[in-house]
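Engineer: Below is target12.txt; it holds compact mmCIF, C-alpha atoms.
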```txt
# COMPACT_ATOMS: atom_id res chain seq x y z
CA MET M 1 81.81 1.72 -117.64
CA LYS M 2 81.42 5.42 -116.83
CA LYS M 3 84.42 7.11 -115.25
CA TYR M 4 82.70 9.12 -112.53
CA ILE M 5 84.22 12.24 -110.99
CA ARG M 6 84.22 11.56 -107.25
CA SER M 7 87.45 12.06 -105.29
CA GLU M 8 88.31 15.07 -107.48
CA ARG M 9 84.76 16.48 -107.49
CA ALA M 10 85.76 19.77 -105.79
CA ASN M 11 87.69 20.62 -108.96
CA LEU M 12 84.51 20.83 -111.04
CA PHE M 13 83.03 24.05 -109.59
CA GLU M 14 86.27 25.58 -108.25
CA PRO M 15 86.50 28.87 -110.23
CA ASN M 16 90.31 29.08 -110.27
CA ASP M 17 91.33 25.44 -110.46
CA TYR M 18 93.78 25.85 -113.31
CA ILE M 19 97.32 24.50 -113.71
CA ALA M 20 99.77 26.42 -115.89
CA MET M 21 103.11 25.17 -117.18
CA VAL M 22 105.50 27.42 -119.11
CA ILE M 23 108.13 25.80 -121.37
CA GLU M 24 110.93 28.14 -122.46
CA MET M 25 112.82 26.94 -125.57
CA SER M 26 115.90 28.48 -127.19
CA ALA M 27 114.88 28.24 -130.85
CA HIS M 28 112.34 29.75 -133.19
CA LEU M 29 110.11 26.80 -134.09
CA PRO M 30 107.62 26.86 -137.01
CA LYS M 31 104.02 27.34 -135.91
CA ALA M 32 102.80 24.43 -138.06
CA ALA M 33 105.27 22.01 -136.45
CA VAL M 34 104.31 23.07 -132.91
CA GLU M 35 100.57 22.90 -133.63
CA TYR M 36 100.97 19.43 -135.13
CA ALA M 37 102.96 18.23 -132.08
CA VAL M 38 100.43 19.64 -129.61
CA LYS M 39 97.47 18.05 -131.40
CA LYS M 40 99.34 14.73 -131.60
CA ALA M 41 99.86 14.91 -127.82
CA TYR M 42 96.16 15.64 -127.23
CA GLN M 43 95.17 12.58 -129.30
CA ALA M 44 97.65 10.38 -127.38
CA ASN M 45 95.87 10.72 -124.02
CA GLU M 46 92.39 9.54 -123.09
CA THR M 47 91.99 12.50 -120.73
CA THR M 48 92.51 15.09 -123.48
CA LEU M 49 90.14 13.07 -125.68
CA SER M 50 87.36 13.31 -123.09
CA LYS M 51 84.55 15.70 -122.24
CA ILE M 52 82.77 16.13 -118.92
CA VAL M 53 79.12 15.12 -118.71
CA LEU M 54 76.98 16.58 -115.91
CA ASP M 55 73.45 15.18 -115.64
CA GLU M 56 70.32 16.53 -113.92
CA SER M 57 70.91 14.32 -110.86
CA GLY M 58 74.30 15.88 -110.23
CA ASN M 59 76.40 12.95 -111.48
CA ALA M 60 79.47 13.89 -113.51
CA TRP M 61 81.81 11.70 -115.52
CA TYR M 62 84.45 11.66 -118.27
CA GLU M 63 83.20 10.55 -121.68
CA LYS M 64 85.67 9.74 -124.44
CA MET M 65 85.29 11.47 -127.83
CA LYS M 66 86.67 10.63 -131.27
CA ALA M 67 88.56 13.91 -131.55
CA THR M 68 89.99 16.20 -128.89
CA GLY M 69 88.19 19.32 -127.71
CA CYS M 70 91.45 20.79 -126.38
CA ARG M 71 92.77 23.79 -128.28
CA PHE M 72 95.94 25.39 -129.67
CA PHE M 73 96.66 29.10 -130.17
CA CYS M 74 99.61 31.08 -131.55
CA GLU M 75 99.78 34.65 -130.22
CA LYS M 76 102.20 37.57 -130.25
CA LYS M 77 101.80 38.25 -126.52
CA SER M 78 103.75 37.40 -123.38
CA TRP M 79 102.84 34.20 -121.57
CA GLU M 80 101.82 36.32 -118.56
CA THR M 81 99.25 38.20 -120.67
CA LEU M 82 98.01 35.00 -122.29
CA LEU M 83 97.54 33.37 -118.88
CA LYS M 84 95.61 36.38 -117.53
CA GLU M 85 93.30 36.28 -120.55
CA SER M 86 92.84 32.50 -120.55
CA GLU M 87 91.96 32.12 -116.88
CA ARG M 88 89.12 34.64 -117.23
CA THR M 89 87.42 32.41 -119.82
CA PRO M 90 85.82 29.27 -118.36
CA PHE M 91 86.92 25.99 -119.92
CA ALA M 92 84.20 24.44 -122.08
CA LEU M 93 84.42 21.13 -120.21
CA LYS M 94 81.17 19.80 -121.71
CA GLU M 95 82.79 20.14 -125.15
CA GLY M 96 86.06 18.51 -124.08
CA GLU M 97 88.12 21.68 -123.68
CA LEU M 98 90.24 20.58 -120.73
CA VAL M 99 93.54 22.08 -121.96
CA ARG M 100 94.61 25.15 -123.94
CA THR M 101 98.14 25.39 -125.30
CA PHE M 102 99.49 28.77 -126.37
CA MET M 103 102.58 29.36 -128.48
CA THR M 104 104.30 32.74 -128.38
CA GLU M 105 107.25 33.56 -130.62
CA GLY M 106 110.37 35.65 -130.16
CA GLU M 107 113.75 36.06 -131.80
CA ASN M 108 115.46 32.65 -131.53
CA ARG M 109 112.94 31.76 -128.86
CA THR M 110 109.67 29.85 -128.50
CA ILE M 111 107.55 29.72 -125.37
CA LEU M 112 104.66 27.33 -124.78
CA LEU M 113 102.02 27.95 -122.14
CA VAL M 114 100.03 24.83 -121.27
CA HIS M 115 96.93 26.02 -119.40
CA ALA M 116 94.76 23.19 -118.06
CA HIS M 117 91.69 22.69 -115.95
CA HIS M 118 92.56 20.53 -112.91
CA LEU M 119 90.16 17.87 -114.22
CA ALA M 120 92.72 17.26 -116.99
CA GLY M 121 95.01 16.00 -114.24
CA ASP M 122 97.57 17.08 -111.67
CA GLY M 123 100.98 18.69 -112.19
CA LYS M 124 102.59 15.34 -113.02
CA SER M 125 99.92 14.84 -115.70
CA MET M 126 100.89 18.10 -117.34
CA LEU M 127 104.46 16.83 -117.53
CA ILE M 128 103.16 13.70 -119.32
CA LEU M 129 101.45 15.94 -121.88
CA ILE M 130 104.54 18.14 -122.27
CA LYS M 131 106.70 15.03 -122.83
CA ASP M 132 104.34 13.98 -125.62
CA ILE M 133 104.59 17.45 -127.22
CA VAL M 134 108.39 17.41 -126.99
CA ASN M 135 108.62 13.87 -128.39
CA SER M 136 106.34 14.84 -131.28
CA LEU M 137 108.56 17.84 -132.04
CA ASP M 138 111.46 15.36 -132.20
CA GLY M 139 109.53 13.29 -134.76
CA GLU M 140 108.51 10.51 -132.38
CA GLU M 141 105.00 9.07 -132.26
CA PRO M 142 103.44 9.47 -128.78
CA ILE M 143 102.06 6.28 -127.21
CA TYR M 144 98.34 6.29 -126.36
CA LYS M 145 97.72 6.36 -122.60
CA PRO M 146 94.39 5.49 -120.96
CA MET M 147 93.05 7.47 -118.03
CA THR M 148 93.55 6.04 -114.54
CA LEU M 149 91.10 7.48 -112.01
CA VAL M 150 91.45 7.32 -108.25
CA ASP M 151 88.14 5.84 -107.11
CA SER M 152 86.82 4.30 -103.88
CA SER M 153 88.04 0.80 -104.72
CA PHE M 154 91.57 2.10 -105.36
CA LEU M 155 91.58 4.08 -102.11
CA GLU M 156 90.06 1.43 -99.84
CA LYS M 157 92.82 -1.04 -100.78
CA ARG M 158 95.36 1.40 -99.38
CA ALA M 159 93.75 3.12 -96.40
CA LYS M 160 90.63 3.20 -94.22
CA LEU M 161 88.46 5.88 -92.71
CA MET M 162 87.56 5.53 -89.05
CA LEU M 163 83.96 4.37 -88.51
CA PRO M 164 82.85 7.64 -86.77
CA VAL M 165 84.01 9.61 -89.83
CA LYS M 166 82.10 7.30 -92.18
CA MET M 167 78.97 7.59 -90.05
CA ALA M 168 79.26 11.39 -89.95
CA ILE M 169 79.56 11.54 -93.76
CA LYS M 170 76.54 9.23 -94.11
CA ARG M 171 74.42 11.52 -91.90
CA VAL M 172 75.48 14.63 -93.83
CA ASN M 173 74.64 12.94 -97.14
CA GLN M 174 71.19 11.93 -95.87
CA LYS M 175 70.43 15.51 -94.82
CA TRP M 176 71.58 16.76 -98.19
CA GLU M 177 69.30 14.32 -100.02
CA LYS M 178 66.33 15.84 -98.18
CA ARG M 179 67.18 19.54 -98.51
CA GLY M 180 69.84 19.92 -101.19
CA ARG M 181 69.76 20.30 -104.94
CA SER M 182 71.84 19.59 -108.05
CA PHE M 183 73.76 22.19 -110.01
CA SER M 184 74.17 22.72 -113.75
CA TRP M 185 76.55 24.13 -116.35
CA GLU M 186 74.74 27.45 -115.94
CA ASP M 187 75.88 27.43 -112.28
CA TYR M 188 79.41 26.55 -113.42
CA ASP M 189 79.49 29.64 -115.66
CA ARG M 190 77.88 31.79 -112.97
CA ILE M 191 80.43 31.02 -110.24
CA HIS M 192 83.29 31.63 -112.68
CA LYS M 193 81.84 35.00 -113.72
CA ILE M 194 81.33 36.14 -110.10
CA TYR M 195 84.85 35.10 -109.08
CA TRP M 196 86.69 36.72 -111.99
CA GLU M 197 84.74 39.95 -111.67
CA ALA M 198 86.10 40.17 -108.11
CA TYR M 199 89.75 39.10 -108.62
CA SER M 200 92.73 39.56 -110.88
CA SER M 201 95.59 37.08 -111.03
CA GLN M 202 99.19 38.05 -110.27
CA ILE M 203 102.17 35.73 -110.83
CA GLU M 204 105.57 36.32 -109.23
CA VAL M 205 108.51 34.16 -110.38
CA LYS M 206 111.81 33.62 -108.54
CA THR M 207 114.63 31.38 -109.75
CA TYR M 208 117.50 29.88 -107.72
CA GLU M 209 120.41 27.49 -108.23
CA VAL M 210 119.56 24.03 -106.83
CA GLU M 211 123.04 23.37 -105.46
CA GLU M 212 123.06 26.69 -103.60
CA LEU M 213 119.73 25.88 -101.94
CA LYS M 214 120.92 22.42 -100.92
CA LYS M 215 123.62 24.04 -98.79
CA TYR M 216 120.89 25.28 -96.45
CA CYS M 217 119.46 21.77 -95.86
CA ALA M 218 120.07 20.25 -92.44
CA ASP M 219 121.42 16.68 -92.35
CA GLY M 220 118.67 14.21 -93.26
CA VAL M 221 116.27 16.95 -94.38
CA THR M 222 114.98 16.99 -97.97
CA LEU M 223 115.13 20.07 -100.16
CA ASN M 224 111.32 20.08 -100.14
CA SER M 225 111.17 20.27 -96.33
CA CYS M 226 113.84 22.96 -96.40
CA MET M 227 111.76 24.99 -98.89
CA VAL M 228 108.59 24.62 -96.81
CA THR M 229 110.51 25.82 -93.75
CA GLY M 230 111.87 28.79 -95.68
CA LEU M 231 108.38 29.77 -96.81
CA LEU M 232 107.03 29.50 -93.25
CA LYS M 233 109.88 31.76 -92.15
CA ALA M 234 109.09 34.25 -94.93
CA HIS M 235 105.42 34.25 -93.88
CA PRO M 236 105.57 34.52 -90.06
CA GLU M 237 101.80 35.08 -89.92
CA CYS M 238 101.23 31.55 -91.27
CA LYS M 239 101.01 28.42 -89.16
CA ILE M 240 99.16 25.93 -91.40
CA ALA M 241 100.75 24.58 -94.60
CA GLY M 242 98.81 22.46 -97.08
CA ILE M 243 101.03 20.15 -99.11
CA PRO M 244 99.80 18.02 -102.06
CA VAL M 245 101.20 14.48 -102.03
CA SER M 246 101.53 12.33 -105.14
CA ILE M 247 99.91 8.88 -104.91
CA ARG M 248 100.83 8.05 -108.50
CA GLU M 249 101.83 4.44 -109.02
CA GLU M 250 103.16 2.61 -112.08
CA ASN M 251 100.99 4.17 -114.78
CA GLY M 252 101.59 6.89 -117.32
CA GLY M 253 98.08 8.23 -117.77
CA MET M 254 96.86 11.77 -117.21
CA SER M 255 94.51 12.18 -114.23
CA ASN M 256 94.38 13.52 -110.69
CA GLN M 257 96.53 11.21 -108.61
CA THR M 258 97.28 13.57 -105.76
CA SER M 259 96.16 13.62 -102.15
CA GLY M 260 96.99 16.28 -99.58
CA ILE M 261 98.22 16.72 -96.03
CA THR M 262 98.39 19.73 -93.73
CA ILE M 263 100.95 20.49 -91.06
CA ARG M 264 100.53 23.00 -88.26
CA TYR M 265 103.76 24.82 -87.48
CA ARG M 266 104.65 28.44 -86.77
CA TYR M 267 108.28 29.27 -87.47
CA ASP M 268 110.15 29.52 -84.16
CA THR M 269 112.46 32.56 -84.22
CA LYS M 270 114.15 31.35 -81.03
CA LYS M 271 115.53 28.33 -82.90
CA SER M 272 117.97 28.16 -85.80
CA PHE M 273 116.79 27.62 -89.37
CA ARG M 274 118.21 24.09 -89.28
CA GLN M 275 116.36 23.28 -86.05
CA ASN M 276 113.12 24.52 -87.59
CA GLN M 277 113.76 22.40 -90.68
CA ILE M 278 114.09 19.24 -88.62
CA LYS M 279 110.75 19.93 -86.92
CA VAL M 280 108.99 20.64 -90.22
CA HIS M 281 110.56 17.64 -91.96
CA GLY M 282 109.41 15.34 -89.14
CA LYS M 283 105.83 16.64 -89.29
CA ILE M 284 105.62 16.20 -93.07
CA HIS M 285 107.02 12.70 -93.13
CA ARG M 286 104.97 11.43 -90.19
CA LYS M 287 101.84 12.45 -92.11
CA ILE M 288 103.01 10.90 -95.39
CA GLU M 289 104.07 7.63 -93.77
CA ASN M 290 100.66 7.25 -92.12
CA LYS M 291 98.51 5.90 -94.98
CA ASN M 292 95.22 6.78 -93.31
CA LYS M 293 96.34 10.43 -93.03
CA LYS M 294 97.90 10.44 -96.49
CA TYR M 295 94.67 9.30 -98.19
CA PHE M 296 92.22 10.91 -95.73
CA VAL M 297 91.11 13.81 -97.93
CA LEU M 298 90.46 11.62 -100.98
CA LEU M 299 88.60 8.98 -98.95
CA CYS M 300 86.25 11.64 -97.56
CA MET M 301 85.70 13.33 -100.92
CA ALA M 302 84.87 10.01 -102.58
CA LEU M 303 82.06 9.39 -100.05
CA LEU M 304 80.50 12.87 -99.90
CA SER M 305 77.51 13.58 -102.11
CA PRO M 306 78.92 15.06 -105.36
CA SER M 307 76.28 17.78 -105.71
CA MET M 308 76.83 18.77 -102.06
CA ILE M 309 80.51 19.42 -102.85
CA ASP M 310 79.36 21.63 -105.73
CA GLY M 311 77.07 23.36 -103.22
CA VAL M 312 80.03 24.12 -100.94
CA LEU M 313 81.74 26.04 -103.75
CA MET M 314 78.50 27.80 -104.70
CA GLN M 315 77.99 28.74 -101.03
CA THR M 316 81.56 30.06 -100.77
CA TYR M 317 80.98 32.61 -103.54
CA GLY M 318 77.47 33.67 -102.56
CA CYS M 319 75.68 31.77 -105.34
CA TYR M 320 73.72 29.49 -103.00
CA GLN M 321 72.61 29.35 -99.37
CA ASN M 322 72.14 26.17 -97.35
CA ARG M 323 73.02 25.57 -93.71
CA HIS M 324 74.51 22.14 -94.45
CA THR M 325 76.87 23.44 -97.16
CA LYS M 326 77.70 26.45 -94.95
CA ARG M 327 78.80 24.13 -92.15
CA LEU M 328 80.68 21.84 -94.54
CA ALA M 329 82.42 24.84 -96.12
CA ARG M 330 83.74 25.78 -92.69
CA ILE M 331 84.92 22.22 -91.98
CA MET M 332 86.63 21.94 -95.39
CA GLY M 333 88.33 25.31 -95.02
CA TYR M 334 86.36 27.23 -97.65
CA THR M 335 86.01 30.25 -95.36
CA ALA M 336 88.12 33.19 -94.27
CA ARG M 337 88.70 31.47 -90.91
CA GLY M 338 89.53 28.03 -92.32
CA GLY M 339 91.85 26.46 -94.86
CA SER M 340 95.60 26.57 -95.18
CA ASP M 341 97.69 29.69 -94.68
CA LEU M 342 100.16 28.33 -97.25
CA GLY M 343 99.52 25.93 -100.12
CA ILE M 344 102.86 24.58 -101.33
CA THR M 345 103.15 22.24 -104.33
CA ASN M 346 106.58 20.90 -105.30
CA LEU M 347 106.92 18.93 -108.54
CA ASN M 348 110.55 18.22 -107.57
CA GLN M 349 113.06 17.52 -110.36
CA ILE M 350 111.45 17.46 -113.82
CA ASP M 351 112.98 14.63 -115.84
CA ILE M 352 112.23 15.90 -119.37
CA PRO M 353 115.53 16.08 -121.35
CA GLY M 354 116.74 19.56 -122.26
CA ASN M 355 118.63 18.86 -125.49
CA HIS M 356 116.59 18.07 -128.63
CA LYS M 357 117.10 17.95 -132.40
CA ASN M 358 116.01 21.47 -133.24
CA PHE M 359 115.76 23.20 -129.88
CA GLN M 360 116.82 23.22 -126.26
CA ILE M 361 114.50 23.55 -123.27
CA GLU M 362 115.89 26.25 -120.99
CA ASN M 363 113.38 26.09 -118.17
CA ILE M 364 109.94 24.82 -117.15
CA LEU M 365 107.77 26.83 -114.78
CA PHE M 366 104.89 25.43 -112.73
CA ILE M 367 102.03 27.70 -111.62
CA PRO M 368 99.59 25.84 -109.33
CA PRO M 369 95.83 26.38 -108.96
CA LYS M 370 94.71 29.11 -106.56
CA VAL M 371 92.23 26.86 -104.75
CA SER M 372 89.69 28.43 -102.41
CA TYR M 373 90.94 26.72 -99.23
CA SER M 374 94.50 28.13 -99.44
CA LYS M 375 95.31 31.76 -98.80
CA ASN M 376 98.81 31.78 -100.35
CA VAL M 377 99.57 29.36 -103.19
CA ILE M 378 103.12 28.57 -104.26
CA GLY M 379 104.43 26.22 -106.97
CA ILE M 380 107.98 24.84 -106.99
CA ALA M 381 109.74 22.93 -109.77
CA SER M 382 113.38 22.10 -110.47
CA TYR M 383 114.64 21.84 -114.04
CA GLY M 384 118.29 21.15 -114.73
CA LYS M 385 120.34 23.16 -112.26
CA ARG M 386 117.61 25.67 -111.48
CA LEU M 387 114.70 25.73 -109.06
CA THR M 388 111.82 28.11 -109.82
CA ILE M 389 109.22 29.29 -107.32
CA CYS M 390 105.97 30.74 -108.69
CA TYR M 391 103.71 32.67 -106.33
CA HIS M 392 100.09 32.64 -107.51
CA ASN M 393 98.44 35.65 -105.88
CA MET M 394 94.96 37.06 -106.34
CA VAL M 395 94.36 40.81 -106.21
CA PRO M 396 90.82 41.82 -105.11
CA ILE M 397 89.01 44.11 -107.55
CA LYS M 398 85.71 44.34 -105.69
CA LYS M 399 83.98 42.73 -102.74
CA LEU M 400 82.44 39.35 -103.53
CA HIS M 401 79.35 39.34 -101.31
```
Is it possible to express this structure as structure tokens?

Structural biologist:
Amino acid sequence: MKKYIRSERANLFEPNDYIAMVIEMSAHLPKAAVEYAVKKAYQANETTLSKIVLDESGNAWYEKMKATGCRFFCEKKSWETLLKESERTPFALKEGELVRTFMTEGENRTILLVHAHHLAGDGKSMLILIKDIVNSLDGEEPIYKPMTLVDSSFLEKRAKLMLPVKMAIKRVNQKWEKRGRSFSWEDYDRIHKIYWEAYSSQIEVKTYEVEELKKYCADGVTLNSCMVTGLLKAHPECKIAGIPVSIREENGGMSNQTSGITIRYRYDTKKSFRQNQIKVHGKIHRKIENKNKKYFVLLCMALLSPSMIDGVLMQTYGCYQNRHTKRLARIMGYTARGGSDLGITNLNQIDIPGNHKNFQIENILFIPPKVSYSKNVIGIASYGKRLTICYHNMVPIKKLH
């Protein structure tokens, strides 16, 4: 059975849909040992053993290969430089290059940069891959893990779209069938080239002590809600926050198992920080606890025509013109007037052990994708006693169109 790309289809033509994880280790590890561990991890996951097939009708799916198309590099450059260089080169998805792992060496220090296309999975998936690399470095054999995709049958067991929404999607799909078109790998390369000629990536990293941050949390408010409130306070011009929500259940496979919610809230300077936290926390948890709202984005994406979603991205970057994709781009937030002011992804506490046979992990950084519907993208992850915030900013080089 083909594993079709449906609920995560927007990831296919998104030109900056890359997840980066940086693993800082306090030991100089041999290149051969690290390369062996990385390749073992690739072979232990169906996702990193798969390529993406895109046919003439616009259907796309994962197809398993005998050997991985993901790659390993050892470079004498900083991880920041390696990331800047890697993101400007489109992933060869049709050849199975869904992940690139870079090793950079220093005195008594090794840093790994895992740079992945979002179709390799979400942030939690990258942690699965990193665990396999770490276990391999410890001499353990990684366990093979099949891919678990979030499809319509999975979603419809957990939530429902209202009938008017379903009918609206059906009408839009019918119009697209009459006037739309399918897109190819040439279009994939084209949109990437146009985007990266117009922008340059800029990463800003800030690290805090977890226990210090917890002191700012109001009673009953999670550290995540406290962080979201703090970011809304730091960005007073923002009033819409997009927050990815994990829907991962009891499985250990790499894939996209994340939905998303948005909250509308402008930080109220007339109230205390704790009062603002309580408001923000309530808005987040009311959305998460409502299953129809929690799964809404994925349910819609799974029903929309796949090639039309590609068309929305092509429209956004001036590679295609169609009134239906133009309207849908506005609805989905792929315009200057739409989308989220803040995109905030929190991986929470990373549970990978720090102490190992020949090395110690000092910190793990998470840099989220700079998706087109979020103006400011921020990744948060806690490792050990530290919490690191990574701001993923894009600096315009020239006007797009």

Engineer: For a quick check of understanding, using only C-alpha atoms, which of M:Ala41, M:Val34, M:Cys319, M:Cys300 has the smallest distance to M:Glu141?

Structural biologist: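 Ranked by minimum distance to M:Glu141, first place goes to M:Ala41.
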
Engineer: Please, which residues are within 8 Å of (94.8, 32.9, -99.9) by the file's coordinates, counting all atoms listed in the file, and could they come as an MDAnalysis selection string?

Structural biologist: chainID M and resid 340:342 370 372:377 393:394

Engineer: Excluding M:Asp122 and its own-chain neighbours fewer than 5 positions away, which residues fall within 10 Å of it when counting only C-alpha atoms? Please give them as a ChimeraX atom specification.

Structural biologist: /M:18-19,116-117,127,244,246,254-258,368-369

Engineer: Just to confirm, what's the straight-line distance from atom CA of M:His285 to atom CA of M:Ile331 in Å (one decimal)?

Structural biologist: 24.1 Å

Engineer: Of the candidates M:Thr101, M:Ser153, M:Ser78, M:Thr89, which one gets nearest to M:Pro15 if we count only C-alpha atoms?

Structural biologist: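 Going through M:Thr101, M:Ser153, M:Ser78, M:Thr89 one by one, the smallest distance to M:Pro15 is for M:Thr89.
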
Engineer: Tell me, counting all atoms listed in the file, for each residue of stretch 55-139 of chain M within 7 Å of stretch 177-196 of chain M, which pair of atoms is nearest and how far apart they are in Å to one decimal, in rows ordered by chain and increasing number, as JSON lines.

Structural biologist:
```
{"residue": "M:Glu56", "atom": "CA", "partner": "M:Ser182", "partner_atom": "CA", "distance": 6.8}
{"residue": "M:Ser57", "atom": "CA", "partner": "M:Ser182", "partner_atom": "CA", "distance": 6.0}
{"residue": "M:Gly58", "atom": "CA", "partner": "M:Ser182", "partner_atom": "CA", "distance": 5.0}
{"residue": "M:Arg88", "atom": "CA", "partner": "M:Trp196", "partner_atom": "CA", "distance": 6.1}
{"residue": "M:Pro90", "atom": "CA", "partner": "M:His192", "partner_atom": "CA", "distance": 6.7}
```

Engineer: From the set M:Ala329, M:Glu63, M:Tyr42, M:Arg100, which residue has the shortest atom-to-atom contact distance to M:Ile128, counting all atoms listed in the file?

Structural biologist: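 Selected residue with least distance to M:Ile128: M:Tyr42.
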
Engineer: Just how far from atom CA of M:Thr269 is atom CA of M:Leu347, in Å to one decimal?

Structural biologist: 28.4 Å

Engineer: I'd like the contact shell of M:His28 - 9 Å cut-off, all atoms listed in the file, skipping same-chain residues fewer than 3 positions apart - returned as a list in words.

Structural biologist: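 Listing them by chain and then by number gives Met25, Glu105, Gly106, Glu107, Asn108, Arg109, Thr110 and Phe359 of chain M.
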
Engineer: Only C-alpha atoms, please: the residues just picked out, written as a short mmCIF file (atom, residue, chain, number, x, y, z; two decimals), keeping the file's coordinate frame.

Structural biologist:
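As written to disk, result-v7.cif reads:
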```cif
data_model
loop_
_atom_site.label_atom_id
_atom_site.label_comp_id
_atom_site.auth_asym_id
_atom_site.auth_seq_id
_atom_site.Cartn_x
_atom_site.Cartn_y
_atom_site.Cartn_z
CA MET M 25 112.82 26.94 -125.57
CA GLU M 105 107.25 33.56 -130.62
CA GLY M 106 110.37 35.65 -130.16
CA GLU M 107 113.75 36.06 -131.80
CA ASN M 108 115.46 32.65 -131.53
CA ARG M 109 112.94 31.76 -128.86
CA THR M 110 109.67 29.85 -128.50
CA PHE M 359 115.76 23.20 -129.88
#
```

Engineer: Which is closest to M:Asn355 among M:Val134, M:Val205, M:Ile309, M:Ala32, if we use all atoms listed in the file?

Structural biologist: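 Residue with the minimum atom-to-atom distance to M:Asn355: M:Val134.
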
Engineer: List the spatial neighbours of M:Gln315 as a list in words - criterion: any atom at most 10 Å away, all atoms listed in the file, same-chain residues fewer than 4 positions off excluded.

Structural biologist: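 The contact residues come out as Ile191, Ile309, Asp310, Gly311, Cys319, Tyr320, Gln321, Asn322, Arg323, His324, Thr325, Lys326, Leu328, Ala329, Tyr334 and Thr335 of chain M.
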
Engineer: Can you take the partial stretch 255-266 of chain M, add N, CA and C atoms, and return it as a PDB file, keeping the file's coordinate frame?

Structural biologist:
```pdb
ATOM      1  N   SER M 255      95.680  12.118-115.119  1.00  0.00           N
ATOM      2  CA  SER M 255      94.510  12.180-114.230  1.00  0.00           C
ATOM      3  C   SER M 255      94.978  12.798-112.914  1.00  0.00           C
ATOM      4  N   ASN M 256      94.034  13.020-112.018  1.00  0.00           N
ATOM      5  CA  ASN M 256      94.380  13.520-110.690  1.00  0.00           C
ATOM      6  C   ASN M 256      94.767  12.355-109.795  1.00  0.00           C
ATOM      7  N   GLN M 257      96.030  12.253-109.488  1.00  0.00           N
ATOM      8  CA  GLN M 257      96.530  11.210-108.610  1.00  0.00           C
ATOM      9  C   GLN M 257      97.340  11.860-107.488  1.00  0.00           C
ATOM     10  N   THR M 258      96.654  12.787-106.820  1.00  0.00           N
ATOM     11  CA  THR M 258      97.280  13.570-105.760  1.00  0.00           C
ATOM     12  C   THR M 258      96.355  13.658-104.564  1.00  0.00           C
ATOM     13  N   SER M 259      96.894  13.402-103.392  1.00  0.00           N
ATOM     14  CA  SER M 259      96.160  13.620-102.150  1.00  0.00           C
ATOM     15  C   SER M 259      96.763  14.865-101.494  1.00  0.00           C
ATOM     16  N   GLY M 260      96.447  15.101-100.236  1.00  0.00           N
ATOM     17  CA  GLY M 260      96.990  16.280 -99.580  1.00  0.00           C
ATOM     18  C   GLY M 260      97.080  16.092 -98.077  1.00  0.00           C
ATOM     19  N   ILE M 261      98.071  16.721 -97.488  1.00  0.00           N
ATOM     20  CA  ILE M 261      98.220  16.720 -96.030  1.00  0.00           C
ATOM     21  C   ILE M 261      98.349  18.180 -95.571  1.00  0.00           C
ATOM     22  N   THR M 262      98.114  18.416 -94.312  1.00  0.00           N
ATOM     23  CA  THR M 262      98.390  19.730 -93.730  1.00  0.00           C
ATOM     24  C   THR M 262      99.276  19.534 -92.504  1.00  0.00           C
ATOM     25  N   ILE M 263     100.161  20.479 -92.300  1.00  0.00           N
ATOM     26  CA  ILE M 263     100.950  20.490 -91.060  1.00  0.00           C
ATOM     27  C   ILE M 263     100.712  21.827 -90.364  1.00  0.00           C
ATOM     28  N   ARG M 264     100.689  21.785 -89.058  1.00  0.00           N
ATOM     29  CA  ARG M 264     100.530  23.000 -88.260  1.00  0.00           C
ATOM     30  C   ARG M 264     101.878  23.324 -87.618  1.00  0.00           C
ATOM     31  N   TYR M 265     102.450  24.447 -88.036  1.00  0.00           N
ATOM     32  CA  TYR M 265     103.760  24.820 -87.480  1.00  0.00           C
ATOM     33  C   TYR M 265     104.000  26.314 -87.715  1.00  0.00           C
ATOM     34  N   ARG M 266     104.249  27.042 -86.647  1.00  0.00           N
ATOM     35  CA  ARG M 266     104.650  28.440 -86.770  1.00  0.00           C
ATOM     36  C   ARG M 266     106.163  28.521 -86.586  1.00  0.00           C
TER      37      ARG M 266
END
```
